[in-house]
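start-v2.cif, holding mmCIF, C-alpha atoms:
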```cif
data_entry
loop_
_atom_site.label_atom_id
_atom_site.label_comp_id
_atom_site.auth_asym_id
_atom_site.auth_seq_id
_atom_site.Cartn_x
_atom_site.Cartn_y
_atom_site.Cartn_z
CA MET A 23 -11.07 38.06 -14.40
CA ALA A 24 -8.41 35.37 -14.53
CA ILE A 25 -9.07 31.65 -14.58
CA HIS A 26 -11.62 30.82 -11.89
CA VAL A 27 -14.09 28.17 -10.77
CA VAL A 28 -17.58 28.42 -12.18
CA THR A 29 -19.96 29.09 -9.31
CA GLY A 30 -21.95 26.02 -8.36
CA SER A 31 -19.88 23.70 -10.54
CA VAL A 32 -18.00 21.90 -7.74
CA ASN A 33 -19.23 18.43 -6.82
CA PHE A 34 -17.51 16.01 -4.49
CA ARG A 35 -18.93 12.82 -3.05
CA ALA A 36 -18.10 9.32 -1.94
CA ASP A 37 -20.02 7.38 -4.55
CA VAL A 38 -19.07 4.05 -2.95
CA LYS A 39 -19.17 3.89 0.83
CA PRO A 40 -16.62 1.77 2.68
CA ALA A 41 -17.58 -1.23 4.78
CA VAL A 42 -15.27 -3.18 7.06
CA ASN A 43 -15.02 -6.93 6.65
CA ALA A 44 -15.00 -9.19 9.67
CA PRO A 45 -11.45 -10.04 10.79
CA SER A 46 -10.26 -13.05 8.83
CA GLN A 47 -7.60 -15.55 9.71
CA GLY A 48 -4.76 -15.91 7.25
CA ALA A 49 -1.86 -18.32 7.29
CA THR A 50 0.18 -16.25 9.71
CA THR A 51 -1.83 -13.08 10.29
CA MET A 52 -5.25 -11.88 11.35
CA ASP A 53 -6.36 -9.73 8.46
CA PHE A 54 -8.47 -6.59 8.74
CA THR A 55 -9.70 -5.52 5.33
CA CYS A 56 -12.55 -3.49 3.95
CA ARG A 57 -14.63 -2.88 0.91
CA GLY A 58 -12.99 0.32 -0.16
CA ILE A 59 -14.31 3.79 -0.49
CA HIS A 60 -14.53 5.55 -3.88
CA PHE A 61 -14.59 9.29 -4.48
CA GLN A 62 -15.78 11.32 -7.43
CA GLY A 63 -15.01 15.02 -7.79
CA GLN A 64 -15.73 17.57 -10.46
CA CYS A 65 -15.46 21.27 -11.15
CA GLN A 66 -15.54 23.63 -14.07
CA ILE A 67 -13.07 26.43 -14.67
CA THR A 68 -13.53 29.37 -16.96
CA GLY A 69 -11.95 32.73 -17.80
CA ASN A 70 -11.96 35.52 -20.28
CA ALA A 71 -11.06 35.37 -23.92
CA GLY A 72 -7.32 34.92 -24.18
CA ASP A 73 -6.92 33.31 -20.75
CA ASN A 74 -4.69 30.25 -20.88
CA PRO A 75 -5.84 27.36 -18.65
CA ALA A 76 -2.68 25.30 -19.23
CA GLY A 77 -1.49 23.64 -16.03
CA TRP A 78 -4.60 24.14 -13.94
CA THR A 79 -5.09 20.77 -12.21
CA LEU A 80 -8.01 19.25 -10.36
CA GLY A 81 -6.87 16.51 -8.00
CA LEU A 82 -7.29 15.03 -4.56
CA ILE A 83 -5.31 15.16 -1.35
CA GLN A 84 -5.80 12.66 1.45
CA VAL A 85 -4.51 13.02 4.98
CA LYS A 86 -4.63 10.47 7.79
CA TRP A 87 -5.04 12.23 11.11
CA ILE A 88 -6.05 9.57 13.64
CA ASP A 89 -4.50 6.15 14.03
CA THR A 90 -5.22 3.61 16.72
CA ASP A 91 -3.36 0.35 16.22
CA TRP A 92 -2.65 -2.01 19.07
CA ALA A 93 -2.71 -5.73 19.68
CA TYR A 94 -2.68 -7.82 22.83
CA TYR A 95 -1.13 -11.29 22.88
CA ARG A 96 -1.55 -13.91 25.57
CA GLY A 97 0.00 -17.30 26.24
CA GLN A 98 -2.08 -20.42 26.56
CA ALA A 99 -1.48 -20.41 30.32
CA ASN A 100 -0.93 -17.59 32.76
CA ALA A 101 2.74 -18.52 33.18
CA ASP A 102 3.27 -18.16 29.42
CA GLY A 103 2.90 -14.42 29.84
CA SER A 104 1.38 -11.73 27.69
CA SER A 105 2.50 -8.99 25.31
CA PHE A 106 1.19 -5.66 24.16
CA LEU A 107 2.13 -4.28 20.74
CA GLN A 108 1.53 -0.60 20.07
CA ALA A 109 1.90 0.65 16.48
CA ALA A 110 0.33 4.07 16.88
CA ARG A 111 2.67 5.79 19.31
CA PRO A 112 6.26 6.95 19.04
CA PRO A 113 8.80 5.62 18.48
CA ALA A 114 6.94 3.03 16.37
CA LEU A 115 4.77 5.63 14.66
CA THR A 116 6.79 8.77 14.23
CA ALA A 117 4.02 11.11 13.10
CA LYS A 118 0.32 11.15 13.76
CA ALA A 119 -0.74 13.09 10.70
CA CYS A 120 0.56 12.10 7.30
CA ARG A 121 -0.24 12.54 3.64
CA ASP A 122 -1.52 9.51 1.81
CA THR A 123 -0.01 8.87 -1.61
CA ILE A 124 1.62 5.98 -3.40
CA THR A 125 4.73 8.02 -4.20
CA PRO A 126 6.45 9.43 -1.11
CA GLY A 127 6.55 13.21 -1.23
CA ALA A 128 3.72 13.55 -3.73
CA PHE A 129 0.87 15.92 -3.00
CA LEU A 130 -1.98 14.46 -5.01
CA ILE A 131 -3.56 11.05 -4.78
CA ASP A 132 -1.80 8.94 -7.39
CA ASN A 133 -3.31 5.45 -7.34
CA ASN A 134 -5.67 5.84 -10.25
CA PRO A 135 -3.57 6.98 -13.22
CA GLY A 136 -5.45 8.78 -15.93
CA VAL A 137 -8.46 9.28 -13.69
CA ASP A 138 -7.23 10.67 -10.37
CA ARG A 139 -6.70 14.18 -11.80
CA THR A 140 -7.38 16.40 -14.77
CA VAL A 141 -4.76 18.77 -16.10
CA ALA A 142 -5.93 21.54 -18.40
CA THR A 143 -3.90 22.35 -21.49
CA ALA A 144 -3.60 25.44 -23.63
CA THR A 145 -6.16 23.93 -25.96
CA SER A 146 -8.75 23.20 -23.27
CA ALA A 147 -11.79 25.18 -24.28
CA LEU A 148 -13.29 27.34 -21.54
CA PRO A 149 -15.42 26.66 -19.65
CA PHE A 150 -13.52 23.43 -19.03
CA THR A 151 -14.92 20.55 -16.99
CA MET A 152 -12.41 18.69 -14.81
CA ASN A 153 -12.79 15.38 -12.99
CA ALA A 154 -10.86 13.49 -10.34
CA ALA A 155 -11.68 10.07 -8.90
CA PHE A 156 -10.04 7.31 -6.91
CA GLY A 157 -10.67 4.50 -4.47
CA ASP A 158 -8.93 3.38 -1.32
CA ALA A 159 -9.05 0.20 0.74
CA PRO A 160 -6.82 0.45 3.81
CA SER A 161 -5.94 -2.73 5.66
CA ARG A 162 -4.19 -3.97 8.78
CA HIS A 163 -2.53 -7.31 9.59
CA TRP A 164 -1.34 -8.57 12.98
CA PRO A 165 0.70 -11.77 13.33
CA LEU A 166 -1.26 -14.61 14.89
CA THR A 167 1.52 -15.40 17.31
CA ARG A 168 4.69 -13.98 18.81
CA THR A 169 7.26 -15.26 21.25
CA ASN A 170 7.25 -13.59 24.64
CA GLY A 171 10.81 -12.53 25.39
CA MET A 172 10.35 -12.93 29.13
CA THR A 173 8.84 -16.40 29.21
CA LYS A 174 10.13 -17.64 25.83
CA LYS A 175 6.64 -19.00 25.30
CA VAL A 176 4.33 -18.44 22.38
CA ASN A 177 1.75 -15.71 22.91
CA TYR A 178 -1.37 -15.75 20.75
CA LEU A 179 -3.22 -12.78 19.35
CA ARG A 180 -5.99 -12.17 21.85
CA GLU A 181 -7.36 -8.72 21.14
CA SER A 182 -6.78 -5.79 18.81
CA GLN A 183 -8.14 -2.40 17.88
CA THR A 184 -7.65 -0.27 14.79
CA GLU A 185 -9.16 3.11 14.05
CA ILE A 186 -8.00 4.99 10.97
CA HIS A 187 -9.43 8.41 10.21
CA PHE A 188 -8.88 10.28 6.98
CA CYS A 189 -9.78 13.59 5.41
CA THR A 190 -9.95 13.67 1.62
CA ILE A 191 -9.88 17.01 -0.16
CA LEU A 192 -10.85 18.01 -3.66
CA THR A 193 -8.34 20.64 -4.64
CA LEU A 194 -7.64 22.84 -7.65
CA LEU A 195 -4.02 23.74 -8.31
CA SER A 196 -2.89 26.73 -10.28
CA PRO A 197 0.09 26.44 -12.61
CA PRO A 198 3.46 27.30 -11.00
CA PRO A 199 3.88 29.05 -8.67
CA VAL A 200 1.35 26.51 -7.42
CA VAL A 201 -1.50 27.73 -5.27
CA PHE A 202 -3.87 25.14 -3.77
CA HIS A 203 -7.55 26.01 -3.82
CA HIS A 204 -9.23 23.46 -1.55
CA LEU A 205 -12.76 23.23 -2.84
CA LYS A 206 -14.47 20.61 -0.69
CA CYS A 207 -13.53 17.85 1.73
CA ILE A 208 -14.94 14.65 3.21
CA TYR A 209 -13.98 12.89 6.44
CA TRP A 210 -14.12 9.10 6.61
CA ASN A 211 -12.89 6.29 8.80
CA VAL A 212 -12.66 2.54 9.31
CA HIS A 213 -12.63 0.73 12.67
CA TRP A 214 -11.92 -2.87 13.62
CA GLN A 215 -11.93 -4.29 17.12
CA GLY A 216 -12.03 -7.90 18.18
CA ARG A 217 -11.06 -10.71 20.49
CA TYR A 218 -9.52 -13.94 19.25
CA LEU A 219 -8.78 -17.40 20.55
CA PRO A 220 -7.32 -20.43 18.78
CA ALA A 221 -9.81 -23.27 18.57
CA ASP A 222 -6.90 -25.66 19.01
CA PHE A 223 -3.53 -24.46 20.33
CA THR A 224 -1.85 -27.44 18.67
CA ASN A 225 -3.30 -26.64 15.26
CA LEU A 226 -3.45 -22.92 14.57
CA ALA A 227 -4.68 -23.51 11.05
CA LEU A 228 -8.06 -24.48 12.42
CA PRO A 229 -10.49 -21.56 12.43
CA TRP A 230 -10.02 -19.37 15.49
CA HIS A 231 -12.88 -18.06 17.55
CA ILE A 232 -13.32 -14.45 16.45
CA GLU A 233 -15.55 -12.09 18.39
CA ARG A 234 -16.11 -8.56 17.18
CA THR A 235 -16.05 -6.20 20.13
CA GLY A 236 -16.41 -2.50 20.88
CA GLY A 237 -20.11 -2.22 20.24
CA ALA A 238 -21.42 -0.15 17.37
CA LEU A 239 -18.21 1.86 17.16
CA GLY A 240 -15.84 -1.08 17.27
CA ASN A 241 -16.36 -2.30 13.73
CA MET A 242 -17.65 0.26 11.31
CA ALA A 243 -16.90 2.57 8.42
CA ASN A 244 -18.29 6.06 8.25
CA VAL A 245 -18.31 8.89 5.73
CA SER A 246 -19.13 12.50 6.54
CA HIS A 247 -21.20 14.82 4.45
CA THR A 248 -19.30 17.01 2.02
CA ILE A 249 -17.84 20.15 3.59
CA ASP A 250 -17.11 23.32 1.66
CA GLY A 251 -13.66 24.81 1.59
CA THR A 252 -10.42 23.92 3.27
CA PRO A 253 -10.14 21.76 6.39
CA THR A 254 -9.29 23.80 9.48
CA ASP A 255 -8.58 21.08 12.03
CA ALA A 256 -5.31 21.98 13.75
CA ARG A 257 -4.40 18.31 14.09
CA PHE A 258 -3.66 17.95 10.40
CA LYS A 259 -4.24 21.14 8.42
CA ASP A 260 -0.52 21.88 8.23
CA VAL A 261 0.22 18.49 6.64
CA VAL A 262 -2.16 18.93 3.73
CA THR A 263 0.29 20.79 1.52
CA LEU A 264 3.47 20.51 3.57
CA VAL A 265 6.53 19.88 1.45
CA GLY A 266 8.08 16.62 2.63
CA ALA A 267 5.05 15.62 4.69
CA PRO A 268 5.23 12.20 6.36
CA HIS A 269 4.22 9.40 3.96
CA CYS A 270 1.44 7.30 5.44
CA ASN A 271 2.23 3.91 3.88
CA THR A 272 5.89 4.17 4.83
CA LEU A 273 5.06 5.16 8.40
CA ILE A 274 2.54 2.41 9.00
CA ARG A 275 4.72 -0.26 7.40
CA ARG A 276 7.57 0.67 9.73
CA ALA A 277 5.27 0.88 12.74
CA PHE A 278 3.96 -2.63 12.21
CA ALA A 279 7.44 -3.94 11.49
CA SER A 280 8.75 -2.48 14.76
CA PRO A 281 5.87 -1.80 17.14
CA ASN A 282 6.43 -0.70 20.73
CA VAL A 283 6.42 -3.92 22.74
CA ARG A 284 5.58 -4.39 26.39
CA GLU A 285 5.74 -7.84 27.91
CA SER A 286 4.74 -9.52 31.10
CA ASP A 287 5.48 -12.96 32.51
CA VAL A 288 1.81 -13.35 33.39
CA TRP A 289 -1.51 -12.43 31.82
CA HIS A 290 -1.31 -8.71 32.36
CA ASN A 291 -3.83 -5.95 31.73
CA PHE A 292 -1.93 -3.38 29.71
CA ASN A 293 -2.91 0.24 29.40
CA VAL A 294 -3.74 0.51 25.72
CA THR A 295 -3.68 4.30 25.67
CA VAL A 296 0.11 4.53 25.82
CA MET B 7 -9.03 -9.33 -8.62
CA ALA B 8 -7.89 -8.86 -12.09
CA GLN B 9 -7.92 -11.73 -14.46
CA LEU B 10 -4.94 -13.19 -16.08
CA GLN B 11 -4.25 -13.12 -19.72
CA ARG B 12 -1.63 -15.74 -19.82
CA TYR B 13 1.42 -15.82 -21.95
CA CYS B 14 3.15 -19.11 -22.23
CA LEU B 15 6.31 -17.49 -23.36
CA THR B 16 9.14 -17.35 -21.01
CA PHE B 17 11.62 -14.63 -21.43
CA ALA B 18 15.09 -14.55 -20.15
CA ALA B 19 16.90 -11.30 -20.19
CA VAL B 20 20.48 -12.33 -20.27
CA LEU B 21 22.75 -9.47 -19.63
CA ALA B 22 26.35 -9.60 -18.78
CA ALA B 23 29.45 -7.74 -19.47
CA ALA B 24 31.56 -9.77 -21.83
CA GLY B 25 35.03 -10.43 -20.58
CA LEU B 26 37.66 -12.88 -19.65
CA THR B 27 38.89 -13.91 -16.29
CA GLY B 28 42.54 -14.64 -15.92
CA GLY B 29 42.88 -13.85 -19.58
CA LEU B 30 41.89 -17.40 -20.48
CA GLN B 31 38.55 -18.43 -19.02
CA PRO B 32 35.40 -16.76 -20.29
CA ALA B 33 33.40 -15.13 -17.52
CA GLN B 34 30.23 -16.94 -16.68
CA THR B 35 27.27 -15.00 -17.90
CA ALA B 36 24.55 -13.97 -15.48
CA ALA B 37 21.39 -15.61 -16.70
CA VAL B 38 18.16 -15.45 -14.80
CA GLU B 39 14.76 -16.26 -16.25
CA VAL B 40 11.62 -14.64 -14.92
CA ASN B 41 8.90 -17.01 -16.05
CA LEU B 42 5.21 -16.30 -15.81
CA SER B 43 2.84 -19.04 -14.81
CA ASP B 44 -0.87 -19.69 -15.07
CA GLN B 45 -2.14 -17.76 -12.09
CA PHE B 46 -2.31 -13.98 -12.46
CA GLY B 47 0.68 -12.32 -10.85
CA SER B 48 2.55 -15.57 -10.38
CA PHE B 49 6.14 -15.83 -11.51
CA ARG B 50 9.13 -18.07 -11.07
CA VAL B 51 12.75 -17.00 -11.00
CA VAL B 52 15.15 -19.54 -12.47
CA ASN B 53 18.88 -19.07 -12.34
CA THR B 54 20.37 -20.72 -15.42
CA GLY B 55 23.73 -19.07 -14.89
CA PRO B 56 26.19 -18.90 -12.01
CA GLY B 57 25.10 -18.05 -8.49
CA ILE B 58 23.91 -14.47 -8.22
CA SER B 59 22.80 -11.96 -5.64
CA LEU B 60 19.47 -10.34 -6.52
CA LYS B 61 17.68 -7.36 -5.06
CA SER B 62 14.74 -8.62 -3.04
CA GLU B 63 12.41 -5.93 -4.35
CA VAL B 64 10.62 -6.87 -7.53
CA GLU B 65 9.69 -3.99 -9.78
CA VAL B 66 6.42 -3.99 -11.68
CA GLU B 67 6.46 -2.03 -14.92
CA ARG B 68 3.46 -0.83 -16.87
CA GLN B 69 3.44 -0.06 -20.56
CA VAL B 70 2.21 3.47 -21.21
CA ASP B 71 2.20 4.89 -24.73
CA GLY B 72 4.59 2.17 -25.84
CA LYS B 73 7.11 2.85 -23.07
CA TRP B 74 7.72 0.93 -19.87
CA GLN B 75 7.23 2.85 -16.64
CA ASN B 76 7.73 1.89 -13.03
CA ALA B 77 4.20 1.13 -11.83
CA ARG B 78 5.18 2.11 -8.23
CA VAL B 79 4.16 -1.21 -6.68
CA SER B 80 5.70 -1.67 -3.24
CA ASN B 81 6.24 -4.65 -0.93
CA LEU B 82 6.62 -7.19 -3.76
CA LEU B 83 9.61 -9.27 -2.74
CA LEU B 84 11.67 -12.28 -3.71
CA VAL B 85 10.60 -14.44 -0.78
CA ARG B 86 9.72 -18.10 -0.85
CA SER B 87 6.66 -17.64 1.31
CA CYS B 88 4.86 -15.10 3.41
CA GLN B 89 6.04 -17.01 6.47
CA GLU B 90 9.57 -15.77 5.92
CA LYS B 91 10.73 -13.17 8.35
CA ALA B 92 11.77 -9.71 7.24
CA ALA B 93 13.31 -9.90 3.80
CA GLN B 94 16.91 -8.94 3.31
CA LYS B 95 17.85 -6.24 0.84
CA CYS B 96 19.37 -8.90 -1.41
CA ILE B 97 18.97 -12.64 -1.72
CA GLN B 98 21.42 -15.18 -3.03
CA LEU B 99 20.21 -17.48 -5.78
CA ALA B 100 22.51 -20.41 -6.40
CA ALA B 101 23.24 -21.76 -9.85
CA ARG B 102 20.29 -23.75 -11.20
CA ALA B 103 18.19 -22.66 -8.22
CA THR B 104 14.55 -21.72 -8.60
CA LEU B 105 12.48 -19.33 -6.55
CA GLN B 106 8.71 -19.01 -6.76
CA PRO B 107 7.53 -16.11 -4.62
CA PRO B 108 3.91 -15.62 -3.60
CA PRO B 109 2.19 -13.93 -6.56
CA TRP B 110 1.57 -10.25 -7.10
CA ARG B 111 -2.02 -9.44 -6.10
CA GLY B 112 -2.40 -6.67 -8.66
CA THR B 113 -2.40 -3.93 -6.03
CA TYR B 114 -0.03 -1.14 -5.04
CA CYS B 115 0.71 -1.70 -1.37
CA TYR B 116 -0.73 -4.97 -0.03
CA SER B 117 0.81 -6.38 -3.14
CA GLN B 118 1.93 -9.82 -2.03
CA CYS B 119 2.06 -10.79 1.65
CA PRO B 120 -0.12 -9.23 4.34
CA ILE B 121 1.16 -5.74 5.11
CA SER B 122 -0.64 -2.79 6.62
CA CYS B 123 -1.48 0.00 4.19
CA ASP B 124 -3.34 3.29 4.29
CA LEU B 125 -3.55 4.07 0.57
CA ASP B 126 -3.99 1.05 -1.64
CA GLY B 127 -5.97 -0.18 -4.59
CA PRO B 128 -5.71 -2.13 -7.81
CA LEU B 129 -3.53 -0.98 -10.66
CA PRO B 130 -5.37 -0.12 -13.86
CA ALA B 131 -5.91 -2.57 -16.64
CA GLY B 132 -3.00 -2.74 -19.01
CA THR B 133 0.20 -4.43 -20.04
CA TYR B 134 2.72 -5.19 -17.32
CA ARG B 135 5.98 -7.02 -16.72
CA PHE B 136 8.20 -7.89 -13.77
CA ALA B 137 11.78 -6.67 -13.49
CA ILE B 138 14.41 -8.13 -11.21
CA THR B 139 17.80 -6.53 -10.69
CA SER B 140 21.08 -7.99 -9.54
CA CYS B 141 22.22 -6.62 -6.21
CA ASP B 142 25.14 -4.83 -7.82
CA GLY B 143 22.75 -3.15 -10.24
CA LYS B 144 24.60 -4.42 -13.29
CA HIS B 145 22.02 -6.89 -14.57
CA ARG B 146 18.30 -6.57 -15.07
CA PHE B 147 16.05 -9.52 -15.84
CA LEU B 148 12.58 -9.08 -17.29
CA SER B 149 9.55 -11.29 -17.53
CA ALA B 150 7.39 -11.49 -20.58
CA SER B 151 4.62 -8.94 -20.65
CA PHE B 152 1.20 -9.89 -19.37
CA GLN B 153 -2.22 -8.36 -19.29
CA LYS B 154 -4.06 -7.13 -16.26
CA LYS B 155 -7.78 -6.62 -16.59
CA GLU B 156 -9.94 -4.45 -14.34
#
```
Full structure transcribed into structure tokens:
Amino acid sequence: MAIHVVTGSVNFRADVKPAVNAPSQGATTMDFTCRGIHFQGQCQITGNAGDNPAGWTLGLIQVKWIDTDWAYYRGQANADGSSFLQAARPPALTAKACRDTITPGAFLIDNNPGVDRTVATATSALPFTMNAAFGDAPSRHWPLTRTNGMTKKVNYLRESQTEIHFCTILTLLSPPPVVFHHLKCIYWNVHWQGRYLPADFTNLALPWHIERTGGALGNMANVSHTIDGTPTDARFKDVVTLVGAPHCNTLIRRAFASPNVRESDVWHNFNVTV
Amino acid sequence: MAQLQRYCLTFAAVLAAAGLTGGLQPAQTAAVEVNLSDQFGSFRVVNTGPGISLKSEVEVERQVDGKWQNARVSNLLLVRSCQEKAAQKCIQLAARATLQPPPWRGTYCYSQCPISCDLDGPLPAGTYRFAITSCDGKHRFLSASFQKKE
């Protein structure tokens, strides 16, 4: 038998669970940060005498498959108007599912050099234990104010919602021609939702009133149990190993730089689903 | 946040093609210092030469096995403050001008000013330096190396 995974040797868990921080007011932005998640994966490969394990790689793939990111801005008075910024719909966000790496185009998580993967060599004695670990702390930042193009008045961040859902996969790669063997996966997410109001419209540096909204689901971080095998969800399974898959950090940076904007010359109730 | 191991040294990488203009006057040499300061990740860009156009993106390099590698930090820019609007690809730095951008936070993506990120995290402990490049790509200016702890 060729190189293969030792039965029962695969372990994958989130050894640090994420937790969202309360929205915090920065100099020019409302900041949505979290205590990050941390993953630890392990497996053992073995083979017969004479098998060469060189190039077998244990690593991690992360895909983002749900993104909700909108913000509502409102002037101090009704006649100052209101604005709705949508960063999770086209054309602002050009792809829903994306692969999450530091280097665009990469397959494996690459933010923990020396630790985020193990690559076997010709001298790796079989059975060979392989480890892969990394952490992630996604964040969002909405400007505190924007100028309403219709009224030319300042609109202030009034409400926002973010929901980011990921699937992280422990995967074993064969040497070229590369074959991915997805061993286990974990779903996780972070949510922020809130309502905001300057304490003093003439001094925005003073602490704003911040109210966390959305009930139990509005502000939370969750981690699934560990699931065996490859993810099958049609919403993102094709992105997992797609060559040239959309790059999450690039997409979200562009989406926040150029969100879809709707404006009104009064305090309007916008439909947040579009 | 990583701690700073401070180096008081300042290091100016002075690179310029030697030459003459008009056959008589020596060309002014591009000379930009990238000086580290007390706070971790903080640096100051000082133009001791003629006015120069610099790429806004600051590269962070990490020393691995004695060689410098691009550490793949993004969103670290030559801006005076986070209040500045979208940075241009290049910025002009006049002769004798100084620029002190907001410091590097030691992370990959939310590396300086607030920016939304999906994958992020701190870079590993190690030896790092900043690299700034002229907009025409002909000159590269390096800071002294500095230590990043876990």
Hey, which bits of chain B sit within 8 Å of chain A, and for each residue what's the closest pair of atoms and how far apart in Å (one decimal), counting only C-alpha atoms, rows by chain and increasing number, as a Markdown table?
```
| residue | atom | partner | partner_atom | distance |
| --- | --- | --- | --- | --- |
| B:Arg78 | CA | A:Ile124 | CA | 7.1 |
| B:Cys88 | CA | A:Thr50 | CA | 7.9 |
| B:Gln89 | CA | A:Thr50 | CA | 6.7 |
| B:Tyr114 | CA | A:Ile124 | CA | 7.5 |
| B:Cys115 | CA | A:Asn271 | CA | 7.8 |
| B:Pro120 | CA | A:His163 | CA | 6.1 |
| B:Ile121 | CA | A:His163 | CA | 6.0 |
| B:Ser122 | CA | A:Arg162 | CA | 4.3 |
| B:Cys123 | CA | A:Pro160 | CA | 5.4 |
| B:Asp124 | CA | A:Pro160 | CA | 4.5 |
| B:Leu125 | CA | A:Asp158 | CA | 5.7 |
| B:Asp126 | CA | A:Asp158 | CA | 5.5 |
| B:Gly127 | CA | A:Asp158 | CA | 5.7 |
| B:Pro128 | CA | A:Asn133 | CA | 8.0 |
| B:Leu129 | CA | A:Asn134 | CA | 7.2 |
| B:Pro130 | CA | A:Asn134 | CA | 7.0 |
```
So that I have them on file, write out the residues from the current selection with C-alpha atoms, as a PDB file, keeping the file's coordinate frame.
```pdb
ATOM      1  CA  ARG B  78       5.180   2.110  -8.230  1.00  0.00           C
ATOM      2  CA  CYS B  88       4.860 -15.100   3.410  1.00  0.00           C
ATOM      3  CA  GLN B  89       6.040 -17.010   6.470  1.00  0.00           C
ATOM      4  CA  TYR B 114      -0.030  -1.140  -5.040  1.00  0.00           C
ATOM      5  CA  CYS B 115       0.710  -1.700  -1.370  1.00  0.00           C
ATOM      6  CA  PRO B 120      -0.120  -9.230   4.340  1.00  0.00           C
ATOM      7  CA  ILE B 121       1.160  -5.740   5.110  1.00  0.00           C
ATOM      8  CA  SER B 122      -0.640  -2.790   6.620  1.00  0.00           C
ATOM      9  CA  CYS B 123      -1.480   0.000   4.190  1.00  0.00           C
ATOM     10  CA  ASP B 124      -3.340   3.290   4.290  1.00  0.00           C
ATOM     11  CA  LEU B 125      -3.550   4.070   0.570  1.00  0.00           C
ATOM     12  CA  ASP B 126      -3.990   1.050  -1.640  1.00  0.00           C
ATOM     13  CA  GLY B 127      -5.970  -0.180  -4.590  1.00  0.00           C
ATOM     14  CA  PRO B 128      -5.710  -2.130  -7.810  1.00  0.00           C
ATOM     15  CA  LEU B 129      -3.530  -0.980 -10.660  1.00  0.00           C
ATOM     16  CA  PRO B 130      -5.370  -0.120 -13.860  1.00  0.00           C
TER      17      PRO B 130
END
```
Using the chain letters and numbers from the file, give me the residues hit by the PyMOL selection byres ((chain B and resi 90) around 12), as a PDB file with C-alpha atoms, keeping the file's coordinate frame.
```pdb
ATOM      1  CA  ALA A  49      -1.860 -18.320   7.290  1.00  0.00           C
ATOM      2  CA  THR A  50       0.180 -16.250   9.710  1.00  0.00           C
TER       3      THR A  50
ATOM      4  CA  LEU B  83       9.610  -9.270  -2.740  1.00  0.00           C
ATOM      5  CA  LEU B  84      11.670 -12.280  -3.710  1.00  0.00           C
ATOM      6  CA  VAL B  85      10.600 -14.440  -0.780  1.00  0.00           C
ATOM      7  CA  ARG B  86       9.720 -18.100  -0.850  1.00  0.00           C
ATOM      8  CA  SER B  87       6.660 -17.640   1.310  1.00  0.00           C
ATOM      9  CA  CYS B  88       4.860 -15.100   3.410  1.00  0.00           C
ATOM     10  CA  GLN B  89       6.040 -17.010   6.470  1.00  0.00           C
ATOM     11  CA  LYS B  91      10.730 -13.170   8.350  1.00  0.00           C
ATOM     12  CA  ALA B  92      11.770  -9.710   7.240  1.00  0.00           C
ATOM     13  CA  ALA B  93      13.310  -9.900   3.800  1.00  0.00           C
ATOM     14  CA  GLN B  94      16.910  -8.940   3.310  1.00  0.00           C
ATOM     15  CA  PRO B 107       7.530 -16.110  -4.620  1.00  0.00           C
ATOM     16  CA  PRO B 108       3.910 -15.620  -3.600  1.00  0.00           C
ATOM     17  CA  CYS B 119       2.060 -10.790   1.650  1.00  0.00           C
ATOM     18  CA  PRO B 120      -0.120  -9.230   4.340  1.00  0.00           C
TER      19      PRO B 120
END
```
Task: Cut-off 8 Å around (7.2, -8.0, -5.4) with only C-alpha atoms: residues as JSON, numbers by chain - done: {"B": [62, 63, 64, 65, 66, 79, 80, 81, 82, 83, 84, 109, 110, 117, 118]}
- [ ] Could you check which of B:Thr133, B:Ala100, B:Arg146, B:Val40 is closest to Gly112 of chain B, using all atoms listed in the file?
- [x]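 Once distances to Gly112 of chain B are computed over all atoms listed in the file, the minimum belongs to B:Thr133.
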Axis-aligned box over every listed atom of segment 146-150 of chain B, padded by 5 Å per side: centre and edges in Å to one decimal, as JSON?
```
{"center_x": 12.8, "center_y": -9.0, "center_z": -17.8, "size_x": 20.9, "size_y": 14.9, "size_z": 15.5}
```
- [ ] List every protein, DNA or RNA residue with an atom no more than 6 Å from (-17.2, 21.3, 2.9) in the file's coordinates, counting only C-alpha atoms, and format the result as a ChimeraX atom specification.
- [x] /A:206-207,248-251
Open item on the list: Rounded to one decimal, what separation in Å do you get between atom CA of Ala147 of chain A and atom CA of Leu130 of chain A?
Closed with: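 Answer for the atom CA of Ala147 of chain A to atom CA of Leu130 of chain A separation: 24.1 Å.
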Open item on the list: Would you compute the distance between atom CA of Val200 of chain A and atom CA of Val70 of chain B? Give it in Å to one decimal.
Closed with: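 Going from atom CA of Val200 of chain A over to atom CA of Val70 of chain B covers 26.9 Å.
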Open item on the list: So that I can check the surroundings of Val38 of chain B, please list as a ChimeraX atom specification every protein, DNA and RNA residue that reaches within 6 Å of it, counting all atoms listed in the file and ignoring chain neighbours fewer than 3 positions away.
Closed with: /B:52-54
For C-alpha atoms, I'd like the residues from the last selection saved as a PDB file, in the coordinates of the input.
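File produced: part33.pdb:
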```pdb
ATOM      1  CA  VAL B  52      15.150 -19.540 -12.470  1.00  0.00           C
ATOM      2  CA  ASN B  53      18.880 -19.070 -12.340  1.00  0.00           C
ATOM      3  CA  THR B  54      20.370 -20.720 -15.420  1.00  0.00           C
TER       4      THR B  54
END
```
TODO: Any chance you could resolve the PyMOL selection byres ((chain A and resi 64) around 10) against this file and give the residues as number ranges by chain?
DONE: A: 31-35, 62-63, 65-66, 80-81, 139-140, 151-155, 192-193, 205
